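Heads up, target_4.cif below (mmCIF, C-alpha atoms (C1' of nucleotides)):
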```cif
data_query
loop_
_atom_site.label_atom_id
_atom_site.label_comp_id
_atom_site.auth_asym_id
_atom_site.auth_seq_id
_atom_site.Cartn_x
_atom_site.Cartn_y
_atom_site.Cartn_z
CA MET A 1 0.00 0.00 0.00
CA ALA A 2 2.77 2.40 0.98
CA GLY A 3 4.68 2.98 -2.23
CA ARG A 4 8.24 4.10 -2.52
CA THR A 5 8.59 7.82 -3.08
CA LEU A 6 10.91 8.83 -5.89
CA VAL A 7 12.26 12.36 -5.55
CA GLY A 8 14.77 14.25 -7.64
CA PRO A 9 17.44 16.66 -6.36
CA GLU A 10 17.11 18.39 -3.00
CA ALA A 11 15.56 21.83 -2.72
CA ASP A 12 18.88 23.68 -2.59
CA ALA A 13 20.21 21.75 -5.57
CA LEU A 14 17.43 22.62 -7.99
CA ASP A 15 18.93 23.81 -11.26
CA LEU A 16 17.23 26.70 -13.00
CA GLY A 17 18.31 25.42 -16.39
CA ALA A 18 16.73 22.02 -15.80
CA VAL A 19 13.58 23.71 -14.51
CA PHE A 20 13.27 25.94 -17.57
CA ARG A 21 13.97 23.02 -19.88
CA ALA A 22 11.27 21.02 -18.12
CA LEU A 23 8.75 23.85 -18.38
CA ALA A 24 9.57 24.51 -22.02
CA ASP A 25 7.42 21.60 -23.14
CA GLU A 26 3.70 22.24 -23.55
CA HIS A 27 2.56 18.96 -22.00
CA ARG A 28 4.83 19.18 -18.99
CA ARG A 29 3.85 22.80 -18.45
CA SER A 30 0.15 21.92 -18.56
CA VAL A 31 0.74 19.31 -15.87
CA MET A 32 2.60 21.80 -13.71
CA THR A 33 -0.05 24.46 -14.24
CA GLU A 34 -2.74 22.05 -13.07
CA LEU A 35 -0.72 21.02 -10.05
CA ALA A 36 0.07 24.62 -9.15
CA ALA A 37 -3.60 25.58 -9.38
CA ASP A 38 -4.61 22.97 -6.79
CA ARG A 39 -3.77 24.64 -3.49
CA SER A 40 -4.53 21.45 -1.54
CA ASP A 41 -1.48 19.72 -3.10
CA SER A 42 -3.26 16.40 -3.03
CA GLU A 43 -1.63 13.41 -4.64
CA ARG A 44 -2.90 12.77 -8.14
CA GLY A 45 -2.92 9.78 -10.43
CA CYS A 46 -0.68 10.28 -13.40
CA ASN A 47 -3.43 9.55 -15.91
CA SER A 48 -5.67 12.23 -14.44
CA PHE A 49 -4.15 14.85 -16.68
CA ASP A 50 -5.71 13.83 -20.00
CA LEU A 51 -2.50 14.12 -21.96
CA PRO A 52 -2.97 13.39 -25.68
CA ILE A 53 0.17 11.25 -25.83
CA SER A 54 1.07 7.61 -25.35
CA LYS A 55 1.89 5.96 -22.04
CA GLN A 56 5.59 5.72 -22.81
CA THR A 57 5.82 9.41 -23.57
CA GLN A 58 3.97 10.26 -20.37
CA THR A 59 6.48 8.19 -18.42
CA HIS A 60 9.23 10.19 -20.10
CA HIS A 61 7.67 13.55 -19.22
CA PHE A 62 7.04 12.68 -15.58
CA ARG A 63 10.63 11.52 -15.32
CA VAL A 64 11.85 14.85 -16.65
CA LEU A 65 9.68 16.73 -14.17
CA ARG A 66 10.96 14.57 -11.32
CA GLU A 67 14.61 14.91 -12.30
CA ALA A 68 14.12 18.66 -12.51
CA GLY A 69 12.91 18.51 -8.91
CA LEU A 70 9.42 19.79 -9.63
CA ILE A 71 7.40 16.73 -8.65
CA ALA A 72 7.72 13.58 -6.58
CA GLU A 73 6.53 10.23 -7.87
CA ILE A 74 5.08 7.62 -5.57
CA ASP A 75 5.53 4.13 -6.99
CA TYR A 76 2.87 1.60 -5.99
CA GLY A 77 4.18 -1.06 -8.34
CA ASN A 78 1.43 -1.16 -10.90
CA ARG A 79 0.22 2.35 -10.23
CA LYS A 80 1.85 5.73 -9.72
CA GLY A 81 1.08 8.92 -7.83
CA ILE A 82 2.21 12.46 -8.57
CA ARG A 83 2.80 15.13 -5.95
CA LEU A 84 3.90 18.74 -6.46
CA ARG A 85 7.00 19.75 -4.49
CA ARG A 86 5.50 23.15 -3.75
CA ALA A 87 7.47 23.95 -0.62
CA ASP A 88 10.82 23.09 -2.18
CA ILE A 89 10.06 25.06 -5.34
CA GLU A 90 8.88 28.09 -3.38
CA LYS A 91 11.98 27.92 -1.20
CA ARG A 92 14.41 27.78 -4.10
CA PHE A 93 12.54 29.72 -6.79
CA PRO A 94 9.86 31.84 -5.10
CA GLY A 95 7.20 33.03 -7.51
CA LEU A 96 7.77 30.37 -10.12
CA LEU A 97 4.49 28.60 -9.50
CA THR A 98 2.62 31.89 -9.53
CA LEU A 99 4.17 32.52 -12.91
CA LEU A 100 2.61 29.37 -14.29
CA GLY A 101 -0.82 30.67 -13.36
CA ALA A 102 -0.16 33.82 -15.38
CA GLU A 103 -0.26 31.85 -18.60
CA SER A 104 -3.95 32.27 -19.35
CA PRO A 105 -4.93 35.76 -18.08
CA GLY A 106 -3.87 37.81 -21.08
CA GLY A 107 -1.94 35.24 -23.03
CA THR A 108 -4.06 32.72 -24.91
CA ALA A 109 -7.26 33.79 -23.17
CA PRO A 110 -10.02 35.07 -25.48
CA ARG A 111 -10.87 37.73 -22.91
CA MET B 1 23.21 57.49 -35.66
CA ALA B 2 19.70 56.62 -34.57
CA GLY B 3 19.37 52.92 -35.33
CA ARG B 4 16.18 51.09 -36.04
CA THR B 5 14.78 49.32 -33.02
CA LEU B 6 13.76 45.72 -33.55
CA VAL B 7 11.22 44.46 -31.03
CA GLY B 8 9.42 41.14 -30.79
CA PRO B 9 5.80 40.60 -29.72
CA GLU B 10 3.93 43.14 -27.59
CA ALA B 11 3.85 42.86 -23.82
CA ASP B 12 0.41 41.23 -23.68
CA ALA B 13 1.34 38.73 -26.38
CA LEU B 14 4.38 37.28 -24.64
CA ASP B 15 4.17 33.49 -24.68
CA LEU B 16 5.31 31.64 -21.59
CA GLY B 17 6.40 28.65 -23.65
CA ALA B 18 8.62 30.78 -25.88
CA VAL B 19 10.04 32.50 -22.80
CA PHE B 20 10.89 29.22 -21.09
CA ARG B 21 12.36 27.83 -24.29
CA ALA B 22 14.49 30.96 -24.62
CA LEU B 23 15.68 30.72 -21.02
CA ALA B 24 16.41 27.00 -21.28
CA ASP B 25 19.71 27.65 -23.05
CA GLU B 26 22.71 28.37 -20.84
CA HIS B 27 24.12 31.14 -23.00
CA ARG B 28 20.85 32.98 -23.43
CA ARG B 29 20.14 32.67 -19.72
CA SER B 30 23.53 34.12 -18.82
CA VAL B 31 22.79 37.11 -21.03
CA MET B 32 19.40 37.60 -19.41
CA THR B 33 20.86 37.22 -15.93
CA GLU B 34 23.42 39.93 -16.65
CA LEU B 35 20.77 42.22 -18.08
CA ALA B 36 18.43 41.62 -15.16
CA ALA B 37 21.20 42.39 -12.68
CA ASP B 38 21.80 45.84 -14.15
CA ARG B 39 19.03 47.94 -12.64
CA SER B 40 19.92 50.93 -14.83
CA ASP B 41 18.76 49.04 -17.93
CA SER B 42 21.37 50.75 -20.04
CA GLU B 43 21.85 49.69 -23.62
CA ARG B 44 24.66 47.23 -24.05
CA GLY B 45 26.79 46.13 -26.96
CA CYS B 46 26.08 42.59 -27.94
CA ASN B 47 29.71 41.53 -27.67
CA SER B 48 29.94 42.76 -24.09
CA PHE B 49 28.75 39.43 -22.79
CA ASP B 50 31.88 37.33 -23.39
CA LEU B 51 30.02 34.39 -24.87
CA PRO B 52 32.30 31.48 -25.78
CA ILE B 53 30.56 30.95 -29.12
CA SER B 54 30.95 32.22 -32.65
CA LYS B 55 29.42 35.41 -34.03
CA GLN B 56 26.83 33.56 -36.08
CA THR B 57 25.62 31.63 -33.07
CA GLN B 58 25.39 34.83 -31.02
CA THR B 59 23.24 36.35 -33.74
CA HIS B 60 21.01 33.30 -33.50
CA HIS B 61 20.65 33.54 -29.71
CA PHE B 62 19.86 37.25 -29.70
CA ARG B 63 17.24 36.63 -32.34
CA VAL B 64 15.61 33.97 -30.15
CA LEU B 65 15.61 36.33 -27.16
CA ARG B 66 14.08 39.09 -29.26
CA GLU B 67 11.39 36.85 -30.78
CA ALA B 68 10.53 35.67 -27.27
CA GLY B 69 9.98 39.33 -26.37
CA LEU B 70 12.71 39.49 -23.74
CA ILE B 71 15.03 42.00 -25.37
CA ALA B 72 14.97 44.71 -28.03
CA GLU B 73 17.75 45.01 -30.58
CA ILE B 74 18.85 48.38 -31.90
CA ASP B 75 20.38 48.06 -35.34
CA TYR B 76 23.03 50.68 -36.18
CA GLY B 77 24.01 49.00 -39.42
CA ASN B 78 27.44 47.73 -38.55
CA ARG B 79 26.83 47.59 -34.81
CA LYS B 80 24.03 46.39 -32.58
CA GLY B 81 22.66 47.35 -29.20
CA ILE B 82 20.79 45.19 -26.72
CA ARG B 83 18.17 46.49 -24.32
CA LEU B 84 16.21 44.52 -21.72
CA ARG B 85 12.41 44.89 -21.98
CA ARG B 86 12.10 44.98 -18.20
CA ALA B 87 8.78 46.83 -18.00
CA ASP B 88 7.05 44.56 -20.48
CA ILE B 89 8.37 41.42 -18.82
CA GLU B 90 7.38 42.62 -15.35
CA LYS B 91 3.93 43.51 -16.62
CA ARG B 92 3.27 40.14 -18.22
CA PHE B 93 5.31 37.82 -16.01
CA PRO B 94 6.01 39.59 -12.72
CA GLY B 95 8.84 38.01 -10.77
CA LEU B 96 10.48 36.32 -13.72
CA LEU B 97 13.54 38.59 -13.72
CA THR B 98 13.92 38.20 -9.97
CA LEU B 99 13.95 34.45 -10.56
CA LEU B 100 16.97 34.78 -12.82
CA GLY B 101 18.88 36.42 -10.00
CA ALA B 102 18.14 33.41 -7.79
CA GLU B 103 20.37 31.23 -9.91
CA SER B 104 23.56 31.77 -7.92
CA PRO B 105 22.53 32.12 -4.25
CA GLY B 106 22.40 28.47 -3.31
CA GLY B 107 22.73 26.87 -6.71
CA THR B 108 26.17 27.00 -8.29
CA ALA B 109 27.49 29.49 -5.77
CA PRO B 110 30.51 28.36 -3.75
CA ARG B 111 28.87 29.86 -0.64
"C1'" DC C 1 38.86 54.59 -52.80
"C1'" DT C 2 40.58 50.51 -49.50
"C1'" DT C 3 40.68 48.38 -45.14
"C1'" DC C 4 38.61 46.64 -41.13
"C1'" DA C 5 35.33 45.28 -37.51
"C1'" DT C 6 30.68 44.03 -36.67
"C1'" DG C 7 26.76 41.63 -37.88
"C1'" DT C 8 23.80 38.84 -41.02
"C1'" DA C 9 22.15 35.17 -44.52
"C1'" DC C 10 22.43 30.62 -46.02
"C1'" DG C 11 23.61 26.05 -45.64
"C1'" DA C 12 25.50 21.90 -43.48
"C1'" DC C 13 26.35 19.19 -39.53
"C1'" DT C 14 25.42 17.32 -35.09
"C1'" DT C 15 23.12 16.85 -30.93
"C1'" DG C 16 19.10 16.70 -28.14
"C1'" DC C 17 14.50 15.59 -27.53
"C1'" DA C 18 9.58 14.25 -28.15
"C1'" DT C 19 7.23 10.40 -29.85
"C1'" DC C 20 5.95 5.73 -30.40
"C1'" DG C 21 6.39 0.23 -31.14
"C1'" DT C 22 7.60 -3.80 -28.97
"C1'" DA C 23 8.46 -6.35 -25.04
"C1'" DC C 24 8.49 -6.92 -20.16
"C1'" DC C 25 7.26 -6.15 -15.11
"C1'" DT C 26 4.00 -5.42 -11.26
"C1'" DG C 27 -0.03 -5.99 -8.49
"C1'" DA C 28 -5.05 -6.64 -8.31
"C1'" DA C 29 -9.06 -9.28 -9.69
"C1'" DG C 30 -11.18 -13.43 -11.53
"C1'" DC D 1 -3.05 -20.26 -11.78
"C1'" DT D 2 -4.64 -16.67 -15.76
"C1'" DT D 3 -6.12 -12.26 -17.18
"C1'" DC D 4 -5.79 -7.42 -17.37
"C1'" DA D 5 -4.57 -2.52 -16.68
"C1'" DG D 6 -0.99 0.63 -15.43
"C1'" DG D 7 3.82 1.56 -15.87
"C1'" DT D 8 8.60 0.88 -17.40
"C1'" DA D 9 12.81 -0.35 -20.41
"C1'" DC D 10 14.88 -0.28 -24.77
"C1'" DG D 11 15.37 0.96 -29.35
"C1'" DA D 12 14.12 3.49 -33.57
"C1'" DT D 13 12.52 7.57 -35.81
"C1'" DG D 14 11.57 12.23 -37.00
"C1'" DC D 15 12.09 16.92 -35.98
"C1'" DA D 16 13.74 21.00 -33.67
"C1'" DA D 17 17.69 23.43 -32.19
"C1'" DG D 18 22.74 24.77 -31.31
"C1'" DT D 19 26.89 25.27 -33.74
"C1'" DC D 20 29.97 26.73 -37.24
"C1'" DG D 21 31.99 27.73 -42.31
"C1'" DT D 22 31.57 30.54 -46.11
"C1'" DA D 23 30.07 34.53 -48.21
"C1'" DC D 24 28.10 39.04 -48.08
"C1'" DA D 25 26.34 43.69 -46.21
"C1'" DT D 26 27.12 47.80 -43.41
"C1'" DG D 27 29.37 51.88 -41.67
"C1'" DA D 28 33.62 53.88 -39.66
"C1'" DA D 29 38.51 54.90 -40.19
"C1'" DG D 30 42.72 55.31 -42.97
#
```
Just dump the structure as structure tokens.
Amino acid sequence: MAGRTLVGPEADALDLGAVFRALADEHRRSVMTELAADRSDSERGCNSFDLPISKQTQTHHFRVLREAGLIAEIDYGNRKGIRLRRADIEKRFPGLLTLLGAESPGGTAPR
Amino acid sequence: MAGRTLVGPEADALDLGAVFRALADEHRRSVMTELAADRSDSERGCNSFDLPISKQTQTHHFRVLREAGLIAEIDYGNRKGIRLRRADIEKRFPGLLTLLGAESPGGTAPR
DNA sequence: CTTCATGTACGACTTGCATCGTACCTGAAG
DNA sequence: CTTCAGGTACGATGCAAGTCGTACATGAAG
């Protein structure tokens, strides 16, 4: 029941280059935007994001997000959970998550 | 004497994906970090950044930064000036420039 | 004019990366 | 046990991007 938690680098070791590279992809950014919008930071299933890509590619993207230090993955064996590392991100790069929310209001929004 | 100013998209049209893609490259990020650190926002020559890459590649990188809306290029014909679009960036993505300054304190810094 | 430094245009090369096909593993349900 | 869904590992593929070589344009200096 208790799965092993896979985490990337520690909070102080987060690399801004890796973070920007991770957030450069549309699919990964949409995942992060959803996670950042949920203030409860509840654990989510990794197929609850409705990504229009195959399973293998999703695995790849979640790995990139984890290695960038943005999320933690909880491995249950045949299932996987995703959790946003909000505290660590805010500690190392304050304001980054707020920035993700600023994507719609004025950008692609029809207003 | 007065060169033509080349600017990318307007402030409201800045795309977060393009911005992250632009900042994902080490060389472009170093340029932006230097620009963000100079609070006077003075115009700078484009070879004042000591980039360890060829002229052609520098041209390419500055073009990417301009098309992402992060800088403006002033064309003097045989010379070029670089200016940070601080106001526009702060208006659309407040806190982004501050984030660039957070690269050293705790990351690659020797402490 | 010629010379020179700066920057660009075009093309080629190489690397990185997103994507998917196939095969395999894991745990739950039957 | 078998079946099945969720996830991973590995390899292949196609495309985007960083890099540079060659050639050319621009304006200043001589």
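Any residue of chain C with an atom within 12 Å of chain B counts; using all atoms listed in the file, that gives C:DC4, C:DA5, C:DT6, C:DG7, C:DT8, C:DA9, C:DC10.
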Output file for the residues above (C-alpha atoms (C1' of nucleotides), as a PDB file, in the frame of the given file):
```
ATOM      1  C1'  DC C   4      38.610  46.640 -41.130  1.00  0.00           C
ATOM      2  C1'  DA C   5      35.330  45.280 -37.510  1.00  0.00           C
ATOM      3  C1'  DT C   6      30.680  44.030 -36.670  1.00  0.00           C
ATOM      4  C1'  DG C   7      26.760  41.630 -37.880  1.00  0.00           C
ATOM      5  C1'  DT C   8      23.800  38.840 -41.020  1.00  0.00           C
ATOM      6  C1'  DA C   9      22.150  35.170 -44.520  1.00  0.00           C
ATOM      7  C1'  DC C  10      22.430  30.620 -46.020  1.00  0.00           C
TER       8       DC C  10
END
```
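Here the PyMOL selection byres ((chain B and resi 36) around 10) catches exactly these residues: Ser30, Val31, Met32, Thr33, Glu34, Leu35, Ala37, Asp38, Arg39, Ser40, Asp41, Leu84, Arg85, Arg86, Leu96, Leu97, Thr98, Leu99, Leu100 and Gly101 of chain B.
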* To do: Would you kindly report the residues of chain A within 7 Å of chain B, using all atoms listed in the file, as a list in words?
  => Asp12, Ala13, Leu14, Asp15, Leu16, Gly17, Phe20, Arg21, Leu23, Ala24, Glu26, Phe93, Gly95, Leu99, Ala102, Glu103, Gly106 and Gly107 of chain A
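Once the PyMOL selection byres ((chain D) within 9 of (chain B)) is applied to the depicted file, the selected set reads DG18, DT19, DC20, DA25, DT26, DG27 and DA28 of chain D.
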Pull C-alpha atoms (C1' of nucleotides) from the residues just selected and write them as a PDB file, in the coordinates of the input.
```pdb
ATOM      1  C1'  DG D  18      22.740  24.770 -31.310  1.00  0.00           C
ATOM      2  C1'  DT D  19      26.890  25.270 -33.740  1.00  0.00           C
ATOM      3  C1'  DC D  20      29.970  26.730 -37.240  1.00  0.00           C
ATOM      4  C1'  DA D  25      26.340  43.690 -46.210  1.00  0.00           C
ATOM      5  C1'  DT D  26      27.120  47.800 -43.410  1.00  0.00           C
ATOM      6  C1'  DG D  27      29.370  51.880 -41.670  1.00  0.00           C
ATOM      7  C1'  DA D  28      33.620  53.880 -39.660  1.00  0.00           C
TER       8       DA D  28
END
```
Could I get chain A fitted onto chain B (least squares, all C-alpha atoms, in order) as a PDB file with C-alpha atoms, keeping the file's coordinate frame?
```
ATOM      1  CA  MET A   1      23.189  57.436 -35.634  1.00  0.00           C
ATOM      2  CA  ALA A   2      19.623  56.592 -34.653  1.00  0.00           C
ATOM      3  CA  GLY A   3      19.291  52.907 -35.425  1.00  0.00           C
ATOM      4  CA  ARG A   4      16.104  51.060 -36.095  1.00  0.00           C
ATOM      5  CA  THR A   5      14.740  49.291 -33.049  1.00  0.00           C
ATOM      6  CA  LEU A   6      13.738  45.683 -33.577  1.00  0.00           C
ATOM      7  CA  VAL A   7      11.219  44.419 -31.037  1.00  0.00           C
ATOM      8  CA  GLY A   8       9.425  41.108 -30.783  1.00  0.00           C
ATOM      9  CA  PRO A   9       5.802  40.562 -29.708  1.00  0.00           C
ATOM     10  CA  GLU A  10       3.948  43.113 -27.600  1.00  0.00           C
ATOM     11  CA  ALA A  11       3.863  42.836 -23.828  1.00  0.00           C
ATOM     12  CA  ASP A  12       0.424  41.219 -23.691  1.00  0.00           C
ATOM     13  CA  ALA A  13       1.360  38.717 -26.381  1.00  0.00           C
ATOM     14  CA  LEU A  14       4.412  37.277 -24.663  1.00  0.00           C
ATOM     15  CA  ASP A  15       4.225  33.493 -24.718  1.00  0.00           C
ATOM     16  CA  LEU A  16       5.366  31.653 -21.623  1.00  0.00           C
ATOM     17  CA  GLY A  17       6.459  28.674 -23.680  1.00  0.00           C
ATOM     18  CA  ALA A  18       8.703  30.800 -25.881  1.00  0.00           C
ATOM     19  CA  VAL A  19      10.102  32.518 -22.793  1.00  0.00           C
ATOM     20  CA  PHE A  20      10.931  29.229 -21.082  1.00  0.00           C
ATOM     21  CA  ARG A  21      12.437  27.846 -24.271  1.00  0.00           C
ATOM     22  CA  ALA A  22      14.574  30.965 -24.578  1.00  0.00           C
ATOM     23  CA  LEU A  23      15.744  30.738 -20.972  1.00  0.00           C
ATOM     24  CA  ALA A  24      16.469  27.028 -21.233  1.00  0.00           C
ATOM     25  CA  ASP A  25      19.773  27.689 -22.964  1.00  0.00           C
ATOM     26  CA  GLU A  26      22.776  28.427 -20.761  1.00  0.00           C
ATOM     27  CA  HIS A  27      24.186  31.212 -22.932  1.00  0.00           C
ATOM     28  CA  ARG A  28      20.898  33.013 -23.382  1.00  0.00           C
ATOM     29  CA  ARG A  29      20.165  32.712 -19.677  1.00  0.00           C
ATOM     30  CA  SER A  30      23.560  34.179 -18.784  1.00  0.00           C
ATOM     31  CA  VAL A  31      22.803  37.160 -21.005  1.00  0.00           C
ATOM     32  CA  MET A  32      19.421  37.650 -19.378  1.00  0.00           C
ATOM     33  CA  THR A  33      20.879  37.282 -15.897  1.00  0.00           C
ATOM     34  CA  GLU A  34      23.419  40.003 -16.646  1.00  0.00           C
ATOM     35  CA  LEU A  35      20.778  42.287 -18.082  1.00  0.00           C
ATOM     36  CA  ALA A  36      18.441  41.692 -15.153  1.00  0.00           C
ATOM     37  CA  ALA A  37      21.208  42.473 -12.668  1.00  0.00           C
ATOM     38  CA  ASP A  38      21.806  45.924 -14.174  1.00  0.00           C
ATOM     39  CA  ARG A  39      19.041  48.032 -12.659  1.00  0.00           C
ATOM     40  CA  SER A  40      19.929  51.011 -14.872  1.00  0.00           C
ATOM     41  CA  ASP A  41      18.748  49.102 -17.985  1.00  0.00           C
ATOM     42  CA  SER A  42      21.361  50.814 -20.092  1.00  0.00           C
ATOM     43  CA  GLU A  43      21.815  49.747 -23.676  1.00  0.00           C
ATOM     44  CA  ARG A  44      24.654  47.293 -24.114  1.00  0.00           C
ATOM     45  CA  GLY A  45      26.766  46.201 -27.035  1.00  0.00           C
ATOM     46  CA  CYS A  46      26.084  42.638 -27.997  1.00  0.00           C
ATOM     47  CA  ASN A  47      29.724  41.604 -27.713  1.00  0.00           C
ATOM     48  CA  SER A  48      29.942  42.856 -24.143  1.00  0.00           C
ATOM     49  CA  PHE A  49      28.766  39.532 -22.815  1.00  0.00           C
ATOM     50  CA  ASP A  50      31.897  37.457 -23.432  1.00  0.00           C
ATOM     51  CA  LEU A  51      30.043  34.513 -24.890  1.00  0.00           C
ATOM     52  CA  PRO A  52      32.357  31.613 -25.800  1.00  0.00           C
ATOM     53  CA  ILE A  53      30.616  31.047 -29.133  1.00  0.00           C
ATOM     54  CA  SER A  54      30.964  32.285 -32.688  1.00  0.00           C
ATOM     55  CA  LYS A  55      29.397  35.437 -34.087  1.00  0.00           C
ATOM     56  CA  GLN A  56      26.797  33.539 -36.081  1.00  0.00           C
ATOM     57  CA  THR A  57      25.631  31.644 -33.033  1.00  0.00           C
ATOM     58  CA  GLN A  58      25.408  34.856 -31.029  1.00  0.00           C
ATOM     59  CA  THR A  59      23.216  36.346 -33.743  1.00  0.00           C
ATOM     60  CA  HIS A  60      21.002  33.280 -33.449  1.00  0.00           C
ATOM     61  CA  HIS A  61      20.685  33.562 -29.665  1.00  0.00           C
ATOM     62  CA  PHE A  62      19.880  37.271 -29.675  1.00  0.00           C
ATOM     63  CA  ARG A  63      17.236  36.607 -32.296  1.00  0.00           C
ATOM     64  CA  VAL A  64      15.644  33.973 -30.089  1.00  0.00           C
ATOM     65  CA  LEU A  65      15.638  36.342 -27.125  1.00  0.00           C
ATOM     66  CA  ARG A  66      14.082  39.085 -29.243  1.00  0.00           C
ATOM     67  CA  GLU A  67      11.410  36.838 -30.730  1.00  0.00           C
ATOM     68  CA  ALA A  68      10.566  35.662 -27.230  1.00  0.00           C
ATOM     69  CA  GLY A  69       9.996  39.315 -26.347  1.00  0.00           C
ATOM     70  CA  LEU A  70      12.721  39.500 -23.724  1.00  0.00           C
ATOM     71  CA  ILE A  71      15.030  42.020 -25.375  1.00  0.00           C
ATOM     72  CA  ALA A  72      14.965  44.715 -28.029  1.00  0.00           C
ATOM     73  CA  GLU A  73      17.715  45.027 -30.607  1.00  0.00           C
ATOM     74  CA  ILE A  74      18.804  48.376 -31.950  1.00  0.00           C
ATOM     75  CA  ASP A  75      20.318  48.044 -35.413  1.00  0.00           C
ATOM     76  CA  TYR A  76      22.953  50.641 -36.303  1.00  0.00           C
ATOM     77  CA  GLY A  77      23.884  48.929 -39.546  1.00  0.00           C
ATOM     78  CA  ASN A  78      27.321  47.656 -38.714  1.00  0.00           C
ATOM     79  CA  ARG A  79      26.758  47.583 -34.984  1.00  0.00           C
ATOM     80  CA  LYS A  80      23.986  46.418 -32.682  1.00  0.00           C
ATOM     81  CA  GLY A  81      22.630  47.371 -29.277  1.00  0.00           C
ATOM     82  CA  ILE A  82      20.771  45.225 -26.767  1.00  0.00           C
ATOM     83  CA  ARG A  83      18.159  46.509 -24.344  1.00  0.00           C
ATOM     84  CA  LEU A  84      16.197  44.556 -21.730  1.00  0.00           C
ATOM     85  CA  ARG A  85      12.413  44.903 -21.995  1.00  0.00           C
ATOM     86  CA  ARG A  86      12.095  45.028 -18.222  1.00  0.00           C
ATOM     87  CA  ALA A  87       8.792  46.861 -18.009  1.00  0.00           C
ATOM     88  CA  ASP A  88       7.054  44.578 -20.492  1.00  0.00           C
ATOM     89  CA  ILE A  89       8.390  41.438 -18.818  1.00  0.00           C
ATOM     90  CA  GLU A  90       7.395  42.645 -15.359  1.00  0.00           C
ATOM     91  CA  LYS A  91       3.939  43.543 -16.637  1.00  0.00           C
ATOM     92  CA  ARG A  92       3.299  40.174 -18.240  1.00  0.00           C
ATOM     93  CA  PHE A  93       5.344  37.846 -16.027  1.00  0.00           C
ATOM     94  CA  PRO A  94       6.024  39.620 -12.722  1.00  0.00           C
ATOM     95  CA  GLY A  95       8.860  38.049 -10.775  1.00  0.00           C
ATOM     96  CA  LEU A  96      10.513  36.365 -13.715  1.00  0.00           C
ATOM     97  CA  LEU A  97      13.555  38.607 -13.702  1.00  0.00           C
ATOM     98  CA  THR A  98      13.925  38.214  -9.956  1.00  0.00           C
ATOM     99  CA  LEU A  99      13.946  34.488 -10.543  1.00  0.00           C
ATOM    100  CA  LEU A 100      16.968  34.788 -12.787  1.00  0.00           C
ATOM    101  CA  GLY A 101      18.897  36.406  -9.961  1.00  0.00           C
ATOM    102  CA  ALA A 102      18.137  33.413  -7.746  1.00  0.00           C
ATOM    103  CA  GLU A 103      20.367  31.210  -9.852  1.00  0.00           C
ATOM    104  CA  SER A 104      23.576  31.705  -7.901  1.00  0.00           C
ATOM    105  CA  PRO A 105      22.563  32.089  -4.216  1.00  0.00           C
ATOM    106  CA  GLY A 106      22.308  28.431  -3.279  1.00  0.00           C
ATOM    107  CA  GLY A 107      22.519  26.829  -6.673  1.00  0.00           C
ATOM    108  CA  THR A 108      26.000  26.687  -8.172  1.00  0.00           C
ATOM    109  CA  ALA A 109      27.459  29.011  -5.549  1.00  0.00           C
ATOM    110  CA  PRO A 110      30.299  27.535  -3.464  1.00  0.00           C
ATOM    111  CA  ARG A 111      28.892  29.281  -0.401  1.00  0.00           C
TER     112      ARG A 111
END
```
* Quick one: distance from atom CA of B:Ser42 to atom CA of B:Asp88 in Å, one decimal? -> 15.6 Å
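Pairwise distance (atom C1' of D:DA5, atom CA of A:Ala72) equals 22.6 Å.
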* Please evaluate the PyMOL selection byres ((chain B and resi 8) around 8) against the displayed coordinates and give the resulting residues as an MDAnalysis selection string. => chainID B and resid 6:7 9:10 66:72
Print the selection's residues with C-alpha atoms to a file, as an mmCIF file, keeping the file's coordinate frame.
```
data_model
loop_
_atom_site.group_PDB
_atom_site.id
_atom_site.type_symbol
_atom_site.label_atom_id
_atom_site.label_comp_id
_atom_site.auth_asym_id
_atom_site.auth_seq_id
_atom_site.Cartn_x
_atom_site.Cartn_y
_atom_site.Cartn_z
ATOM 1 C CA LEU B 6 13.760 45.720 -33.550
ATOM 2 C CA VAL B 7 11.220 44.460 -31.030
ATOM 3 C CA PRO B 9 5.800 40.600 -29.720
ATOM 4 C CA GLU B 10 3.930 43.140 -27.590
ATOM 5 C CA ARG B 66 14.080 39.090 -29.260
ATOM 6 C CA GLU B 67 11.390 36.850 -30.780
ATOM 7 C CA ALA B 68 10.530 35.670 -27.270
ATOM 8 C CA GLY B 69 9.980 39.330 -26.370
ATOM 9 C CA LEU B 70 12.710 39.490 -23.740
ATOM 10 C CA ILE B 71 15.030 42.000 -25.370
ATOM 11 C CA ALA B 72 14.970 44.710 -28.030
#
```
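Atom C1' of C:DC24 is positioned 10.3 Å from atom C1' of D:DC10.
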Centre and size of axis-aligned box enclosing stretch 12-24 of chain A plus 5 Å each side, as AutoDock Vina command-line options:
```
--center_x 14.5 --center_y 23.9 --center_z -12.3 --size_x 21.5 --size_y 15.7 --size_z 29.4
```
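Restricting the calculation to all atoms listed in the file, the smallest distance between A:Ile82 and any of A:Asp50, A:Thr5, A:His27, A:Val64 is found for A:Thr5.
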Around the point (11.8, 0.9, -32.2) (coordinates from the file), which residues reach within 10 Å if we count all atoms listed in the file? Answer as a PDB file with C-alpha atoms (C1' of nucleotides), in the coordinates of the input.
```pdb
ATOM      1  C1'  DC C  20       5.950   5.730 -30.400  1.00  0.00           C
ATOM      2  C1'  DG C  21       6.390   0.230 -31.140  1.00  0.00           C
ATOM      3  C1'  DT C  22       7.600  -3.800 -28.970  1.00  0.00           C
TER       4       DT C  22
ATOM      5  C1'  DC D  10      14.880  -0.280 -24.770  1.00  0.00           C
ATOM      6  C1'  DG D  11      15.370   0.960 -29.350  1.00  0.00           C
ATOM      7  C1'  DA D  12      14.120   3.490 -33.570  1.00  0.00           C
ATOM      8  C1'  DT D  13      12.520   7.570 -35.810  1.00  0.00           C
TER       9       DT D  13
END
```
